[in-house]
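J.: Below is a structure I'd like to ask you about.
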Amino acid sequence: EEEGPTICSWLRQELVGSRYEGLFVVREAAGRYWLGDEFEGSGLPTVDQDGARIHPRVRVVVNLFNGKLVIEGFYHEGEDDVLNPAKVPIGPFLTVYFEGVALKEALASWRDGPPGRGVAGGAVAAALAAAPAVALVGASAVAPAGASRKSDQLR
């Protein structure tokens with residue numbers, strides 16, 4: 001069961017230097033992870049620009065594509081049966097999900113690595129940054145736990 005710590009570590013490393021550095025990442029099951037935290041000091045938004053609720057935790061399916069980890073898809077809060085496709089790296093996914101930025105713009109902003117916006121993770125970021133890292137040795141592809149279904153939007 002090395003998948004969980006290894007994938008969590010890889011995902012968190014991709015966020016170093018971004019506003020999502022220190023984001024809570026935990027394995028739910030093979031290929032399925034929770035991103036974010038409902039902790040008040042997490043720094044994650046809870047409403048979008050229109051006032052609609054944004055759940056500060058999102059359940060995702062992670063897969064290996066062309067040698068890189070991608071968010072294959074995600075589940076809306078309270079849903080277990082419809083996997084909404086994403087197929088993007090974690091950084092652009094979080095930018096679209098939490099900030100409402102267009103996917104094309106999010107991909108462009110992460111093209112050369114994380115956009116340097118500072119840490120938004122508050123106490124959670126500090127606690128996670130102090131946690132021991134997992135060695136990235138022997139990782140293999142993660143098969144998605146369910147079939148993707150089409151969706152009109154990422155969020």
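Letters for chains follow the order of the structure tokens (A, B, ...), residue numbers begin at 1 for each chain, and ligand numbers begin at 1 in the order shown.
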Can you tell me, as a PyMOL selection string, what residues are no more than 12 Å from Lys87 (chain A) when counting only C-alpha atoms, ignoring any on the same chain fewer than 6 positions away?
T.: chain A and resi 60-66+68-74+93+103+107+144+148+150+154
J.: Could you please take those selected residues and save C-alpha atoms as a PDB file, in the first residue's frame?
T.:
ATOM      1  CA  VAL A  60     -10.801  13.234  -7.322  1.00  0.00           C
ATOM      2  CA  VAL A  61      -9.543  10.297  -9.369  1.00  0.00           C
ATOM      3  CA  VAL A  62      -5.817  10.512 -10.061  1.00  0.00           C
ATOM      4  CA  ASN A  63      -4.128   8.727 -12.946  1.00  0.00           C
ATOM      5  CA  LEU A  64      -0.758   8.643 -14.649  1.00  0.00           C
ATOM      6  CA  PHE A  65      -0.834  10.046 -18.197  1.00  0.00           C
ATOM      7  CA  ASN A  66       2.314  10.406 -20.330  1.00  0.00           C
ATOM      8  CA  LYS A  68       2.677  12.736 -15.269  1.00  0.00           C
ATOM      9  CA  LEU A  69      -0.015  12.684 -12.622  1.00  0.00           C
ATOM     10  CA  VAL A  70      -3.330  14.156 -13.724  1.00  0.00           C
ATOM     11  CA  ILE A  71      -6.682  14.674 -12.127  1.00  0.00           C
ATOM     12  CA  GLU A  72      -8.685  12.281 -14.308  1.00  0.00           C
ATOM     13  CA  GLY A  73     -11.961  13.563 -12.933  1.00  0.00           C
ATOM     14  CA  PHE A  74     -13.790  14.682  -9.821  1.00  0.00           C
ATOM     15  CA  PHE A  93      -7.461  21.800 -11.745  1.00  0.00           C
ATOM     16  CA  LEU A 103      -9.215  26.149 -18.055  1.00  0.00           C
ATOM     17  CA  LEU A 107      -3.161  25.832 -18.039  1.00  0.00           C
ATOM     18  CA  PRO A 144      -9.047   5.005 -12.220  1.00  0.00           C
ATOM     19  CA  SER A 148     -15.337   8.627 -16.803  1.00  0.00           C
ATOM     20  CA  LYS A 150     -18.999  13.351 -19.909  1.00  0.00           C
ATOM     21  CA  LEU A 154     -15.093  21.185 -14.833  1.00  0.00           C
TER      22      LEU A 154
END
J.: Could you write out, as number ranges by chain, all the residues of region 29-68 of chain A that DSSP marks as strand (DSSP E)?
T.: A: 29, 32-36, 57-65, 68
J.: Could the residues in this selection be written to a file with N, CA, C and O atoms, as a PDB file, in the first residue's frame?
T.:
ATOM      1  N   ALA A  29      -9.181   5.628  -1.562  1.00  0.00           N
ATOM      2  CA  ALA A  29      -9.117   4.254  -2.072  1.00  0.00           C
ATOM      3  C   ALA A  29      -8.140   4.280  -3.243  1.00  0.00           C
ATOM      4  O   ALA A  29      -7.638   5.341  -3.619  1.00  0.00           O
ATOM      5  N   ARG A  32      -8.261   7.093  -5.795  1.00  0.00           N
ATOM      6  CA  ARG A  32      -9.192   8.152  -5.353  1.00  0.00           C
ATOM      7  C   ARG A  32      -8.605   8.908  -4.170  1.00  0.00           C
ATOM      8  O   ARG A  32      -8.142   8.303  -3.210  1.00  0.00           O
ATOM      9  N   TYR A  33      -8.681  10.237  -4.266  1.00  0.00           N
ATOM     10  CA  TYR A  33      -8.085  11.104  -3.256  1.00  0.00           C
ATOM     11  C   TYR A  33      -9.012  12.258  -2.926  1.00  0.00           C
ATOM     12  O   TYR A  33      -9.828  12.667  -3.738  1.00  0.00           O
ATOM     13  N   TRP A  34      -8.856  12.778  -1.712  1.00  0.00           N
ATOM     14  CA  TRP A  34      -9.521  14.003  -1.291  1.00  0.00           C
ATOM     15  C   TRP A  34      -8.495  15.126  -1.345  1.00  0.00           C
ATOM     16  O   TRP A  34      -7.367  14.974  -0.869  1.00  0.00           O
ATOM     17  N   LEU A  35      -8.888  16.250  -1.928  1.00  0.00           N
ATOM     18  CA  LEU A  35      -8.055  17.448  -1.974  1.00  0.00           C
ATOM     19  C   LEU A  35      -8.760  18.542  -1.196  1.00  0.00           C
ATOM     20  O   LEU A  35      -9.955  18.773  -1.390  1.00  0.00           O
ATOM     21  N   GLY A  36      -8.033  19.219  -0.319  1.00  0.00           N
ATOM     22  CA  GLY A  36      -8.616  20.325   0.426  1.00  0.00           C
ATOM     23  C   GLY A  36      -9.031  19.926   1.827  1.00  0.00           C
ATOM     24  O   GLY A  36      -8.904  18.771   2.235  1.00  0.00           O
ATOM     25  N   ARG A  57     -13.456  20.765   0.060  1.00  0.00           N
ATOM     26  CA  ARG A  57     -12.902  19.425  -0.152  1.00  0.00           C
ATOM     27  C   ARG A  57     -13.499  18.888  -1.436  1.00  0.00           C
ATOM     28  O   ARG A  57     -14.706  18.977  -1.656  1.00  0.00           O
ATOM     29  N   VAL A  58     -12.663  18.323  -2.278  1.00  0.00           N
ATOM     30  CA  VAL A  58     -13.141  17.738  -3.523  1.00  0.00           C
ATOM     31  C   VAL A  58     -12.517  16.352  -3.668  1.00  0.00           C
ATOM     32  O   VAL A  58     -11.329  16.167  -3.426  1.00  0.00           O
ATOM     33  N   ARG A  59     -13.343  15.374  -4.039  1.00  0.00           N
ATOM     34  CA  ARG A  59     -12.870  14.003  -4.239  1.00  0.00           C
ATOM     35  C   ARG A  59     -12.520  13.833  -5.701  1.00  0.00           C
ATOM     36  O   ARG A  59     -13.313  14.155  -6.587  1.00  0.00           O
ATOM     37  N   VAL A  60     -11.307  13.343  -5.959  1.00  0.00           N
ATOM     38  CA  VAL A  60     -10.801  13.234  -7.322  1.00  0.00           C
ATOM     39  C   VAL A  60     -10.284  11.833  -7.611  1.00  0.00           C
ATOM     40  O   VAL A  60      -9.971  11.070  -6.703  1.00  0.00           O
ATOM     41  N   VAL A  61     -10.199  11.517  -8.899  1.00  0.00           N
ATOM     42  CA  VAL A  61      -9.543  10.297  -9.369  1.00  0.00           C
ATOM     43  C   VAL A  61      -8.242  10.744 -10.012  1.00  0.00           C
ATOM     44  O   VAL A  61      -8.237  11.642 -10.863  1.00  0.00           O
ATOM     45  N   VAL A  62      -7.146  10.150  -9.571  1.00  0.00           N
ATOM     46  CA  VAL A  62      -5.817  10.512 -10.061  1.00  0.00           C
ATOM     47  C   VAL A  62      -5.297   9.371 -10.929  1.00  0.00           C
ATOM     48  O   VAL A  62      -5.476   8.201 -10.597  1.00  0.00           O
ATOM     49  N   ASN A  63      -4.667   9.719 -12.030  1.00  0.00           N
ATOM     50  CA  ASN A  63      -4.128   8.727 -12.946  1.00  0.00           C
ATOM     51  C   ASN A  63      -2.786   9.218 -13.467  1.00  0.00           C
ATOM     52  O   ASN A  63      -2.467  10.400 -13.373  1.00  0.00           O
ATOM     53  N   LEU A  64      -2.028   8.307 -14.023  1.00  0.00           N
ATOM     54  CA  LEU A  64      -0.758   8.643 -14.649  1.00  0.00           C
ATOM     55  C   LEU A  64      -1.001   8.715 -16.155  1.00  0.00           C
ATOM     56  O   LEU A  64      -1.520   7.773 -16.751  1.00  0.00           O
ATOM     57  N   PHE A  65      -0.646   9.844 -16.763  1.00  0.00           N
ATOM     58  CA  PHE A  65      -0.834  10.046 -18.197  1.00  0.00           C
ATOM     59  C   PHE A  65       0.440  10.644 -18.764  1.00  0.00           C
ATOM     60  O   PHE A  65       0.881  11.707 -18.314  1.00  0.00           O
ATOM     61  N   LYS A  68       3.003  11.674 -16.217  1.00  0.00           N
ATOM     62  CA  LYS A  68       2.677  12.736 -15.269  1.00  0.00           C
ATOM     63  C   LYS A  68       1.339  12.438 -14.597  1.00  0.00           C
ATOM     64  O   LYS A  68       0.444  11.877 -15.214  1.00  0.00           O
TER      65      LYS A  68
END
J.: List the spatial neighbours of Pro114 (chain A) as JSON, numbers by chain - criterion: any atom at most 8 Å away, only C-alpha atoms, same-chain residues fewer than 4 positions off excluded.
T.: {"A": [14, 15, 16, 17, 18, 91, 109, 110]}
